[in-house]
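Structure data (mmCIF, C-alpha atoms) from query_38.cif:
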data_structure
#
loop_
_atom_site.label_atom_id
_atom_site.label_comp_id
_atom_site.auth_asym_id
_atom_site.auth_seq_id
_atom_site.Cartn_x
_atom_site.Cartn_y
_atom_site.Cartn_z
CA MET Z 1 12.12 -10.48 8.88
CA ASP Z 2 13.21 -7.07 10.10
CA LEU Z 3 10.40 -5.29 11.98
CA LYS Z 4 10.52 -1.53 12.48
CA ILE Z 5 7.89 0.20 14.59
CA HIS Z 6 7.48 3.97 14.41
CA ALA Z 7 5.10 5.85 16.69
CA ARG Z 8 3.90 9.43 16.42
CA ASN Z 9 1.78 10.90 19.22
CA VAL Z 10 1.44 7.35 20.58
CA GLU Z 11 3.14 5.95 23.65
CA LEU Z 12 4.77 2.72 22.48
CA THR Z 13 4.19 0.63 25.59
CA ASP Z 14 5.58 -2.87 26.02
CA ARG Z 15 2.03 -4.23 25.63
CA LEU Z 16 1.54 -2.40 22.33
CA ARG Z 17 4.99 -3.44 21.04
CA GLU Z 18 4.30 -7.11 21.89
CA HIS Z 19 0.88 -6.90 20.21
CA VAL Z 20 2.46 -5.52 17.02
CA GLU Z 21 5.25 -8.10 17.05
CA ARG Z 22 2.84 -11.01 17.63
CA LYS Z 23 0.44 -9.92 14.87
CA VAL Z 24 3.08 -8.98 12.29
CA SER Z 25 5.16 -12.12 12.84
CA LYS Z 26 2.25 -14.15 11.42
CA LEU Z 27 2.69 -12.52 8.00
CA ASP Z 28 5.70 -14.77 7.36
CA ARG Z 29 3.36 -17.78 7.23
CA TYR Z 30 1.45 -16.38 4.27
CA LEU Z 31 4.17 -14.74 2.21
CA PRO Z 32 7.71 -16.12 1.89
CA ASN Z 33 10.91 -14.09 1.96
CA ILE Z 34 9.63 -11.02 3.77
CA ARG Z 35 12.68 -8.83 4.17
CA GLU Z 36 11.26 -5.93 6.18
CA VAL Z 37 8.01 -4.73 7.69
CA ARG Z 38 7.51 -1.16 8.83
CA VAL Z 39 4.62 -0.37 11.14
CA ASP Z 40 3.68 3.28 11.59
CA LEU Z 41 1.30 4.07 14.43
CA ALA Z 42 -0.07 7.56 14.97
CA ILE Z 43 -2.83 9.48 16.64
CA GLU Z 44 -4.14 12.60 14.93
CA ARG Z 45 -6.23 15.09 16.79
CA HIS Z 46 -8.64 17.33 14.87
CA LYS Z 47 -10.69 19.67 17.05
CA GLN Z 48 -12.48 17.32 19.47
CA LEU Z 49 -11.90 14.11 17.47
CA GLU Z 50 -9.05 11.68 17.88
CA ARG Z 51 -8.21 9.33 15.02
CA CYS Z 52 -5.80 6.39 15.27
CA ILE Z 53 -3.78 5.48 12.21
CA ALA Z 54 -1.97 2.22 11.54
CA GLN Z 55 0.06 1.79 8.38
CA LEU Z 56 1.93 -1.36 7.36
CA THR Z 57 4.54 -1.42 4.62
CA LEU Z 58 6.07 -4.75 3.64
CA TRP Z 59 9.10 -5.43 1.41
CA ASP Z 60 9.94 -8.91 0.20
CA ALA Z 61 13.19 -10.28 -1.24
CA ARG Z 62 11.90 -9.82 -4.82
CA GLY Z 63 11.53 -6.06 -4.30
CA THR Z 64 7.74 -6.13 -4.04
CA ILE Z 65 6.20 -3.52 -1.76
CA LEU Z 66 2.78 -4.06 -0.20
CA ARG Z 67 1.08 -1.35 1.85
CA ALA Z 68 -2.07 -1.21 3.97
CA GLU Z 69 -3.46 1.60 6.08
CA GLU Z 70 -6.38 2.12 8.43
CA LYS Z 71 -7.43 5.58 9.61
CA ARG Z 72 -11.00 5.37 10.79
CA GLN Z 73 -10.57 3.75 14.19
CA SER Z 74 -10.62 5.38 17.62
CA ASP Z 75 -8.48 2.59 19.13
CA ILE Z 76 -4.87 1.95 18.03
CA TYR Z 77 -5.24 -1.83 18.49
CA ALA Z 78 -8.38 -1.90 16.31
CA ALA Z 79 -6.64 0.23 13.69
CA LEU Z 80 -3.70 -2.19 13.60
CA ASP Z 81 -6.02 -5.21 13.28
CA MET Z 82 -7.96 -3.58 10.43
CA ALA Z 83 -4.70 -2.67 8.64
CA LEU Z 84 -3.55 -6.28 9.00
CA ASP Z 85 -6.82 -7.50 7.45
CA LYS Z 86 -6.15 -5.18 4.50
CA MET Z 87 -2.58 -6.51 4.28
CA TYR Z 88 -3.92 -10.07 4.09
CA ARG Z 89 -6.05 -8.96 1.12
CA GLN Z 90 -2.98 -7.39 -0.50
CA ILE Z 91 -1.02 -10.61 0.02
CA ARG Z 92 -3.89 -12.66 -1.44
CA ARG Z 93 -4.05 -10.42 -4.51
CA TYR Z 94 -0.27 -10.58 -4.94
CA LYS Z 95 -0.21 -14.37 -4.57
CA GLY Z 96 -3.02 -14.68 -7.13
CA LYS Z 97 -1.12 -12.57 -9.64
CA ARG Z 98 2.09 -14.56 -9.12
CA ARG Z 99 0.19 -17.82 -9.48
CA ARG Z 100 -1.39 -16.69 -12.78
CA ARG Z 101 1.88 -15.37 -14.21
CA GLY Z 102 4.48 -17.63 -12.64
CA GLY Z 103 3.59 -21.08 -13.88
CA ARG Z 104 4.17 -24.29 -11.90
CA SER Z 105 7.18 -23.19 -9.83
CA ALA Z 106 5.42 -20.11 -8.43
CA GLU Z 107 2.23 -22.08 -7.80
CA ALA Z 108 4.07 -24.85 -5.94
CA GLU Z 109 5.90 -22.29 -3.81
CA LEU Z 110 2.70 -20.45 -2.92
CA MET Z 111 0.63 -23.60 -2.32
CA ALA Z 112 3.13 -24.72 0.34
CA LEU Z 113 2.18 -21.69 2.44
CA GLU Z 114 -0.67 -21.57 4.92
CA PRO Z 115 -4.02 -20.33 3.62
CA LEU Z 116 -4.94 -16.79 4.64
CA PRO Z 117 -7.13 -16.41 7.72
CA GLY Z 118 -10.91 -16.11 7.52
CA ASN Z 119 -12.87 -15.87 4.28
CA ILE Z 120 -10.34 -13.54 2.70
CA GLU Z 121 -9.25 -16.13 0.13
CA ALA Z 122 -12.79 -16.87 -1.08
CA GLU Z 123 -13.64 -13.16 -1.33
CA GLU Z 124 -10.47 -12.34 -3.21
CA GLU Z 125 -10.75 -15.26 -5.67
CA ALA Z 126 -14.01 -13.81 -6.98
CA GLU Z 127 -12.38 -10.38 -7.32
CA ASP Z 128 -9.28 -11.79 -9.05
CA GLU Z 129 -11.36 -13.26 -11.86
CA LYS Z 130 -12.84 -9.84 -12.75
CA ILE Z 131 -9.59 -7.89 -13.11
CA ALA Z 132 -8.85 -6.78 -16.66
CA ILE Z 133 -7.57 -3.76 -18.53
CA VAL Z 134 -10.67 -2.35 -20.17
CA ARG Z 135 -9.25 0.83 -21.64
CA ARG Z 136 -5.93 2.07 -22.92
CA LYS Z 137 -5.38 5.75 -23.46
CA ARG Z 138 -2.50 7.59 -25.11
CA VAL Z 139 -1.56 11.02 -23.84
CA GLU Z 140 0.46 13.73 -25.51
CA LEU Z 141 3.11 15.06 -23.13
CA ILE Z 142 3.68 18.78 -23.45
CA PRO Z 143 6.59 20.29 -21.49
CA MET Z 144 5.22 22.29 -18.54
CA SER Z 145 6.06 23.37 -15.01
CA GLU Z 146 4.61 21.67 -11.94
CA GLU Z 147 2.34 24.66 -11.36
CA GLU Z 148 0.98 24.39 -14.91
CA ALA Z 149 0.42 20.66 -14.35
CA ILE Z 150 -1.59 21.43 -11.19
CA ASP Z 151 -3.72 23.91 -13.14
CA GLN Z 152 -4.28 21.39 -15.93
CA MET Z 153 -5.21 18.64 -13.47
CA GLU Z 154 -7.69 20.95 -11.73
CA LEU Z 155 -9.23 21.94 -15.06
CA LEU Z 156 -9.71 18.27 -15.97
CA GLY Z 157 -11.08 17.41 -12.53
CA HIS Z 158 -8.74 14.42 -12.12
CA ASN Z 159 -6.86 13.16 -9.06
CA PHE Z 160 -3.65 12.64 -11.05
CA PHE Z 161 -1.97 14.03 -14.13
CA VAL Z 162 0.94 12.74 -16.24
CA PHE Z 163 3.21 15.47 -17.60
CA PHE Z 164 6.67 16.19 -18.98
CA ASN Z 165 8.44 18.40 -16.44
CA ALA Z 166 10.14 21.21 -18.38
CA GLU Z 167 12.46 22.00 -15.44
CA THR Z 168 13.83 18.47 -14.91
CA ALA Z 169 13.27 17.09 -18.45
CA LYS Z 170 11.58 14.01 -16.92
CA ILE Z 171 8.12 12.51 -16.97
CA GLY Z 172 6.22 13.07 -13.74
CA VAL Z 173 2.90 12.02 -12.29
CA LEU Z 174 1.21 14.71 -10.25
CA TYR Z 175 -1.38 13.50 -7.74
CA ARG Z 176 -3.64 14.95 -5.07
CA ARG Z 177 -2.89 13.73 -1.55
CA GLU Z 178 -5.55 13.03 1.08
CA ASP Z 179 -4.49 16.13 3.03
CA GLY Z 180 -5.34 18.33 0.01
CA ASN Z 181 -1.74 18.97 -1.01
CA TYR Z 182 0.00 17.57 -4.09
CA GLY Z 183 2.72 15.03 -4.71
CA VAL Z 184 4.84 14.23 -7.74
CA LEU Z 185 6.06 10.76 -8.71
CA GLU Z 186 9.25 10.86 -10.77
CA PRO Z 187 9.97 7.41 -12.23
CA GLU Z 188 13.53 6.13 -12.51
CA VAL Z 189 14.56 3.04 -14.39
CA SER Z 190 16.70 0.78 -12.22
#
Written as structure tokens, that's how I'd like the structure from this file.
Amino acid sequence: MDLKIHARNVELTDRLREHVERKVSKLDRYLPNIREVRVDLAIERHKQLERCIAQLTLWDARGTILRAEEKRQSDIYAALDMALDKMYRQIRRYKGKRRRRGGRSAEAELMALEPLPGNIEAEEEAEDEKIAIVRRKRVELIPMSEEEAIDQMELLGHNFFVFFNAETAKIGVLYRREDGNYGVLEPEVS
């Protein structure tokens, strides 16, 4: 597993680096074939408040990407631990989906791994049973600019909007970011 640690406004001390390496190295026990893990640590300062952010992004050999983030902590170590707890939930959800869809070979592979720490498995099993697609909606894509898509999304009061970009002749998904700005997802078939 390739571990990359990026720090912004945080001094990456040897103690902090060792803490990250020790905690992240345990992920291999619960999910096989982890190719790369990126850990982003940051401290944001807003007026008098200081907020620590820990974000984990994990890629496995199958191309799956799992991501967990914690922003509400005042201590970088606590933020990392909370983000890892969220990552364990992501791994549990992913393993449950693979087990349901993969048949005996996937189940045997996943059962050979260690169980996730704490009560995460029991909590997630109850959640996994409830997941279902309850609505399917068809949308008519009208060619428009990104600015028109923003206007349309605002008029609808949604956090995202699917549109046909007239400038690029591609389908895009416009979404509102946490910082109040916008982002566009442009899918590509690989």
**Distance of atom CA of Z:Leu84 from atom CA of Z:Tyr30, expressed in Å to one decimal place** = 12.2 Å
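Between Z:Ala169 and the residues Z:Leu58, Z:Leu141, Z:Met82, Z:Ile34, the shortest atom-to-atom distance, using all atoms listed in the file, involves Z:Leu141.
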**Prompt:** Between atom CA of Z:Leu49 and atom CA of Z:Gly180, what is the distance, to one decimal in Å?
**Reply:** 19.1 Å
**Request:** Do a neighbour search on Z:Ile142 at 9 Å with all atoms listed in the file, toss out local chain neighbours closer than 5 positions, and write the hits as number ranges by chain.
**Result:** Z: 163-166
**Request:** Specify as a PyMOL selection string each residue included when the PyMOL selection byres ((chain Z and resi 52) around 6) is applied to this file.
**Result:** chain Z and resi 42-43+51+53+71+73-74+76
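Shortest atom-to-atom contact with Z:Gly172 among Z:Val184, Z:Ile150, Z:Leu41, Z:Met144: Z:Val184, counting only C-alpha atoms.
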**Fill in**
Pairwise distance, atom CA of Z:Glu154 with atom CA of Z:Glu178, equals 15.2 Å
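Distance annotation: of Z:Met87, Z:Ile133, Z:Ala78, Z:Leu66, the residue with the minimal separation from Z:Leu16 is Z:Ala78; atom set is only C-alpha atoms.
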